[in-house]
Amino acid sequence: MDQQIYVLDPSGADRHAEDAALRARGPATPVDILGVRAWSVTDPELLRKLLTDPRVSKDAHQHWPLFPDQIVGRWPLELWVSVRNMFTAYGAEHRRLRRLVSPAFAARRINAFLPRIEAITTALLDDLAATPPGQIVDLRERFAYPLPIQVIGELMGLPEHSGPDFRRTVDKVFDTTLTSEQATANALELYGILHNLVAAKRAEPGDDMTSVLIAARDEEGDGSSLTEQELVDTLLLVISAGYETTVNLLDQAVVALLTHPDQFAHVRAGRAGWNDVIEETLRFESPVVHSPLRYAVEDIDLPGGPTIRRGEAILASYSAANRHPKLHGDTADVFDVTRPDKEHLSFGHGVHFCLGAALARAEAATALPALFDRFPDLRLAVPAEELKPDGSLISNGHQRLPVHLTPGGQPR
């Protein structure tokens, strides 16, 4: 890497300025991600090619020379690259693991679960409606978080009493301001919760995906079932990814509508639908900023650019790619629900395309119209510029989302 290294801000304090700086440095540029060097890819065309290129792997165990000696116990994002599940698998191993998890997110299963999503949404809105007039509500805490957590918890059979601990530990997985020691301690606690879940479901299986995966793990068969480590790491992936990105989608959609009243007017007048809001939010405020990591299996010569050498890491920079002028011209930084083409890469691309995309969209399509139908005068309780990012270079949400639900409360 001959080009000067761009150091990514672990707190995500000014994501869009950082995205613009990365785009200005070319289709792929070397970055420092918490002390590790990688190629940040922001050009959407190049990113799509690399995400489908067999010369690009997600398996650090096989294809990253820094792993494990310079990563294990030394890098805060160790968990992101060391887990054994479909997120980090390559080739045939990825196909095997994805095939085992896919049934949990089949369209039939999601459609059957829609009434529960509606019921959970209604209960949360009823609880919000009991708020005394004029009181500020943290909508991220009271609505954007509990909906997807309860949905994924029921789908996976997560005991209700373990929800708060699981949420706290998963939040720290996405917190890129932690030290390596803090991240390691958090991972140990998280694995303890997951092992307890597996033990409980082995003792008393239920009608949930965790029980299905355990059954697949415990069956004697052709060797295609999960190992114990793959089982636990798959639960980690499905449960955590199953709610974190949806929390951010709901959070960012609310903020986008409240800060762009002209766009909200299109929705209210029927000139745009809620699916337009969802897709434009996914493009405008990608729930995942950067997705660590991928690795070059062999040297990859970039068109008209540098060469990514074998073993070098690649960072998919979805947020920067979604606002790239190559995709959306001069209006790429504009929130426009009437935009005819809302193409984005927020759910990835290729064989690693997010299995939970349909579930996230279904939750948002239920929650957002219900929220604004119940509280048509919803408004921010602070100026938008006072909303603080959630302290991550991976996750794109806010620490809090203070709002007034009814007329009478005004932004300070």
# chains A, B, ... in the order shown; residues from 1 in each chain; ligands from 1
call {"tool": "closest_atom_pairs", "arguments": {"of": "range 237-333 of chain A", "to": "range 191-207 of chain A", "cutoff": "12 Å", "atoms": "only C-alpha atoms", "output": "CSV"}}
result
residue,atom,partner,partner_atom,distance
A:Leu237,CA,A:Leu194,CA,11.0
A:Val238,CA,A:Leu194,CA,11.7
A:Ile239,CA,A:Leu194,CA,10.0
A:Ser240,CA,A:Leu194,CA,11.2
call {"tool": "write_last_selection", "arguments": {"atoms": "N, CA, C and O atoms", "output": "mmCIF file, in the first residue's frame"}}
result
data_model
loop_
_atom_site.group_PDB
_atom_site.id
_atom_site.type_symbol
_atom_site.label_atom_id
_atom_site.label_comp_id
_atom_site.auth_asym_id
_atom_site.auth_seq_id
_atom_site.Cartn_x
_atom_site.Cartn_y
_atom_site.Cartn_z
ATOM 1 N N LEU A 237 -24.505 -14.580 15.240
ATOM 2 C CA LEU A 237 -24.724 -13.817 14.021
ATOM 3 C C LEU A 237 -26.196 -13.512 13.805
ATOM 4 O O LEU A 237 -26.585 -12.354 13.586
ATOM 5 N N VAL A 238 -27.028 -14.534 13.865
ATOM 6 C CA VAL A 238 -28.433 -14.371 13.511
ATOM 7 C C VAL A 238 -29.161 -13.466 14.502
ATOM 8 O O VAL A 238 -29.925 -12.580 14.107
ATOM 9 N N ILE A 239 -28.897 -13.660 15.790
ATOM 10 C CA ILE A 239 -29.619 -12.874 16.790
ATOM 11 C C ILE A 239 -29.129 -11.424 16.789
ATOM 12 O O ILE A 239 -29.927 -10.482 16.800
ATOM 13 N N SER A 240 -27.809 -11.214 16.749
ATOM 14 C CA SER A 240 -27.299 -9.838 16.815
ATOM 15 C C SER A 240 -27.571 -9.072 15.527
ATOM 16 O O SER A 240 -28.105 -7.960 15.563
#
call {"tool": "residues_around", "arguments": {"residues": "range 336-344 of chain A", "least_positions_apart": "5", "cutoff": "10 Å", "atoms": "only C-alpha atoms", "output": "VMD selection string"}}
result
chain A and resid 44 256 to 257 260 262 to 264 266 to 267 271 to 284 286 318 to 319 321 to 324 327 to 328 331 349
call {"tool": "select_by_dssp", "arguments": {"residues": "range 51-248 of chain A", "states": "helix (DSSP H, G or I)", "output": "ChimeraX atom specification"}}
result
/A:51,60-63,78-82,92-105,107-129,139-144,146-156,160-174,180-203,209-218,228-248
call {"tool": "closest_residue", "arguments": {"among": "A:Met156, A:Leu188, A:Leu293, A:Ala112", "to": "Ala89 in chain A", "atoms": "only C-alpha atoms"}}
result
A:Leu293
call {"tool": "residues_around", "arguments": {"residues": "His61 in chain A", "least_positions_apart": "6", "cutoff": "9 Å", "atoms": "only C-alpha atoms", "output": "PyMOL selection string"}}
result
chain A and resi 67-68+81-82
call {"tool": "atom_distance", "arguments": {"atom1": "CA of Ile33 in chain A", "atom2": "CA of Asp9 in chain A"}}
result
8.1 Å
call {"tool": "residues_around", "arguments": {"residues": "Ala381 in chain A", "least_positions_apart": "4", "cutoff": "12 Å", "atoms": "only C-alpha atoms", "output": "number ranges by chain"}}
result
A: 134-139, 255, 258-259, 377, 385-387, 400-412
call {"tool": "write_last_selection", "arguments": {"atoms": "C-alpha atoms", "output": "mmCIF file, in the first residue's frame"}}
result
data_model
loop_
_atom_site.group_PDB
_atom_site.id
_atom_site.type_symbol
_atom_site.label_atom_id
_atom_site.label_comp_id
_atom_site.auth_asym_id
_atom_site.auth_seq_id
_atom_site.Cartn_x
_atom_site.Cartn_y
_atom_site.Cartn_z
ATOM 1 C CA GLY A 134 -45.071 17.164 26.982
ATOM 2 C CA GLN A 135 -42.692 14.497 28.294
ATOM 3 C CA ILE A 136 -39.686 13.736 26.095
ATOM 4 C CA VAL A 137 -39.440 10.151 24.892
ATOM 5 C CA ASP A 138 -36.293 8.368 23.699
ATOM 6 C CA LEU A 139 -37.813 6.718 20.650
ATOM 7 C CA VAL A 255 -34.943 11.223 11.741
ATOM 8 C CA LEU A 258 -38.709 14.616 10.688
ATOM 9 C CA THR A 259 -35.817 16.609 9.245
ATOM 10 C CA ASP A 377 -47.461 15.300 15.310
ATOM 11 C CA GLU A 385 -27.441 18.509 14.894
ATOM 12 C CA GLU A 386 -27.523 17.593 18.600
ATOM 13 C CA LEU A 387 -28.276 13.932 17.883
ATOM 14 C CA ARG A 400 -30.634 8.577 21.771
ATOM 15 C CA LEU A 401 -33.612 9.749 19.723
ATOM 16 C CA PRO A 402 -35.504 12.240 21.919
ATOM 17 C CA VAL A 403 -38.925 13.190 20.571
ATOM 18 C CA HIS A 404 -42.215 14.772 21.539
ATOM 19 C CA LEU A 405 -45.120 12.513 20.627
ATOM 20 C CA THR A 406 -47.855 15.127 20.664
ATOM 21 C CA PRO A 407 -48.267 18.865 20.047
ATOM 22 C CA GLY A 408 -47.080 21.166 22.774
ATOM 23 C CA GLY A 409 -43.502 20.035 22.987
ATOM 24 C CA GLN A 410 -41.140 22.062 20.843
ATOM 25 C CA PRO A 411 -37.499 21.438 19.879
ATOM 26 C CA ARG A 412 -35.163 23.419 22.092
#
call {"tool": "residues_around", "arguments": {"residues": "range 38-40 of chain A", "least_positions_apart": "3", "cutoff": "7 Å", "atoms": "only C-alpha atoms", "output": "PyMOL selection string"}}
result
chain A and resi 28-32+312-317
call {"tool": "closest_atom_pairs", "arguments": {"of": "range 68-166 of chain A", "to": "range 231-234 of chain A", "cutoff": "12 Å", "atoms": "only C-alpha atoms", "output": "CSV"}}
result
residue,atom,partner,partner_atom,distance
A:Leu79,CA,A:Asp233,CA,9.9
A:Trp80,CA,A:Asp233,CA,10.5
A:Val81,CA,A:Asp233,CA,11.3
A:Ser82,CA,A:Asp233,CA,9.6
A:Val83,CA,A:Asp233,CA,5.9
A:Arg84,CA,A:Asp233,CA,5.8
A:Asn85,CA,A:Thr234,CA,5.1
A:Met86,CA,A:Thr234,CA,7.2
A:Phe87,CA,A:Thr234,CA,8.5
A:Thr88,CA,A:Asp233,CA,10.2
A:Ala89,CA,A:Thr234,CA,11.1
A:His94,CA,A:Thr234,CA,11.7
A:Leu97,CA,A:Thr234,CA,8.5
A:Arg98,CA,A:Thr234,CA,9.6
A:Leu100,CA,A:Thr234,CA,9.8
A:Val101,CA,A:Thr234,CA,8.1
A:Ser102,CA,A:Thr234,CA,11.5
A:Ala104,CA,A:Thr234,CA,11.8
A:Met156,CA,A:Thr234,CA,11.2
call {"tool": "closest_atom_pairs", "arguments": {"of": "range 155-191 of chain A", "to": "range 389-392 of chain A", "cutoff": "12 Å", "atoms": "only C-alpha atoms", "output": "tab-separated table"}}
result
residue	atom	partner	partner_atom	distance
A:Asp171	CA	A:Asp390	CA	9.6
A:Lys172	CA	A:Ser392	CA	9.5
A:Val173	CA	A:Ser392	CA	9.6
A:Phe174	CA	A:Ser392	CA	6.2
A:Asp175	CA	A:Ser392	CA	5.0
A:Thr176	CA	A:Ser392	CA	4.9
A:Thr177	CA	A:Gly391	CA	6.4
A:Leu178	CA	A:Gly391	CA	9.5
call {"tool": "residues_around", "arguments": {"residues": "Ile149 in chain A", "least_positions_apart": "4", "cutoff": "9 Å", "atoms": "only C-alpha atoms", "output": "number ranges by chain"}}
result
A: 145, 153-154, 163, 167, 239-240, 242-244, 247
call {"tool": "residues_around", "arguments": {"residues": "range 73-75 of chain A", "least_positions_apart": "6", "cutoff": "9 Å", "atoms": "only C-alpha atoms", "output": "ChimeraX atom specification"}}
result
/A:34-36,179-181,183-184
call {"tool": "write_last_selection", "arguments": {"atoms": "all heavy atoms", "output": "PDB file, in the first residue's frame"}}
result
ATOM      1  N   LEU A  34      -8.671   0.742  13.428  1.00  0.00           N
ATOM      2  CA  LEU A  34      -8.262   0.391  14.789  1.00  0.00           C
ATOM      3  C   LEU A  34      -6.892  -0.287  14.809  1.00  0.00           C
ATOM      4  O   LEU A  34      -6.665  -1.260  15.527  1.00  0.00           O
ATOM      5  CB  LEU A  34      -9.316  -0.521  15.447  1.00  0.00           C
ATOM      6  CG  LEU A  34     -10.747   0.014  15.484  1.00  0.00           C
ATOM      7  CD1 LEU A  34     -11.660  -0.954  16.210  1.00  0.00           C
ATOM      8  CD2 LEU A  34     -10.809   1.381  16.118  1.00  0.00           C
ATOM      9  N   GLY A  35      -5.981   0.237  14.011  1.00  0.00           N
ATOM     10  CA  GLY A  35      -4.622  -0.268  14.013  1.00  0.00           C
ATOM     11  C   GLY A  35      -4.318  -1.333  12.976  1.00  0.00           C
ATOM     12  O   GLY A  35      -3.172  -1.774  12.856  1.00  0.00           O
ATOM     13  N   VAL A  36      -5.319  -1.744  12.228  1.00  0.00           N
ATOM     14  CA  VAL A  36      -5.136  -2.749  11.175  1.00  0.00           C
ATOM     15  C   VAL A  36      -5.331  -2.076   9.820  1.00  0.00           C
ATOM     16  O   VAL A  36      -6.238  -1.259   9.650  1.00  0.00           O
ATOM     17  CB  VAL A  36      -6.152  -3.903  11.345  1.00  0.00           C
ATOM     18  CG1 VAL A  36      -6.252  -4.744  10.088  1.00  0.00           C
ATOM     19  CG2 VAL A  36      -5.744  -4.772  12.531  1.00  0.00           C
ATOM     20  N   THR A 179     -11.546  -0.903  24.103  1.00  0.00           N
ATOM     21  CA  THR A 179     -10.194  -1.440  23.987  1.00  0.00           C
ATOM     22  C   THR A 179     -10.278  -2.927  23.666  1.00  0.00           C
ATOM     23  O   THR A 179     -11.341  -3.557  23.790  1.00  0.00           O
ATOM     24  CB  THR A 179      -9.423  -1.270  25.298  1.00  0.00           C
ATOM     25  OG1 THR A 179     -10.055  -2.072  26.315  1.00  0.00           O
ATOM     26  CG2 THR A 179      -9.400   0.189  25.736  1.00  0.00           C
ATOM     27  N   SER A 180      -9.146  -3.499  23.279  1.00  0.00           N
ATOM     28  CA  SER A 180      -9.107  -4.931  23.007  1.00  0.00           C
ATOM     29  C   SER A 180      -9.489  -5.734  24.248  1.00  0.00           C
ATOM     30  O   SER A 180     -10.216  -6.731  24.158  1.00  0.00           O
ATOM     31  CB  SER A 180      -7.715  -5.334  22.518  1.00  0.00           C
ATOM     32  OG  SER A 180      -7.666  -6.709  22.225  1.00  0.00           O
ATOM     33  N   GLU A 181      -9.022  -5.283  25.412  1.00  0.00           N
ATOM     34  CA  GLU A 181      -9.332  -6.000  26.654  1.00  0.00           C
ATOM     35  C   GLU A 181     -10.827  -5.933  26.957  1.00  0.00           C
ATOM     36  O   GLU A 181     -11.432  -6.941  27.367  1.00  0.00           O
ATOM     37  CB  GLU A 181      -8.536  -5.388  27.824  1.00  0.00           C
ATOM     38  CG  GLU A 181      -7.035  -5.608  27.765  1.00  0.00           C
ATOM     39  CD  GLU A 181      -6.329  -4.712  26.757  1.00  0.00           C
ATOM     40  OE1 GLU A 181      -6.953  -3.707  26.308  1.00  0.00           O
ATOM     41  OE2 GLU A 181      -5.171  -5.005  26.403  1.00  0.00           O
ATOM     42  N   ALA A 183     -13.260  -5.503  24.768  1.00  0.00           N
ATOM     43  CA  ALA A 183     -13.965  -6.293  23.765  1.00  0.00           C
ATOM     44  C   ALA A 183     -13.857  -7.782  24.064  1.00  0.00           C
ATOM     45  O   ALA A 183     -14.827  -8.535  23.901  1.00  0.00           O
ATOM     46  CB  ALA A 183     -13.404  -5.987  22.379  1.00  0.00           C
ATOM     47  N   THR A 184     -12.689  -8.221  24.508  1.00  0.00           N
ATOM     48  CA  THR A 184     -12.501  -9.636  24.843  1.00  0.00           C
ATOM     49  C   THR A 184     -13.384 -10.038  26.017  1.00  0.00           C
ATOM     50  O   THR A 184     -14.028 -11.103  26.001  1.00  0.00           O
ATOM     51  CB  THR A 184     -11.023  -9.909  25.170  1.00  0.00           C
ATOM     52  OG1 THR A 184     -10.222  -9.635  24.009  1.00  0.00           O
ATOM     53  CG2 THR A 184     -10.820 -11.366  25.568  1.00  0.00           C
TER      54      THR A 184
END
call {"tool": "closest_residue", "arguments": {"among": "A:Val212, A:Phe143, A:Ile152, A:Pro287", "to": "Leu236 in chain A", "atoms": "only C-alpha atoms"}}
result
A:Ile152
call {"tool": "select_by_dssp", "arguments": {"residues": "range 46-192 of chain A", "states": "strand (DSSP E or B)", "output": "ChimeraX atom specification"}}
result
/A:56-57,137-138
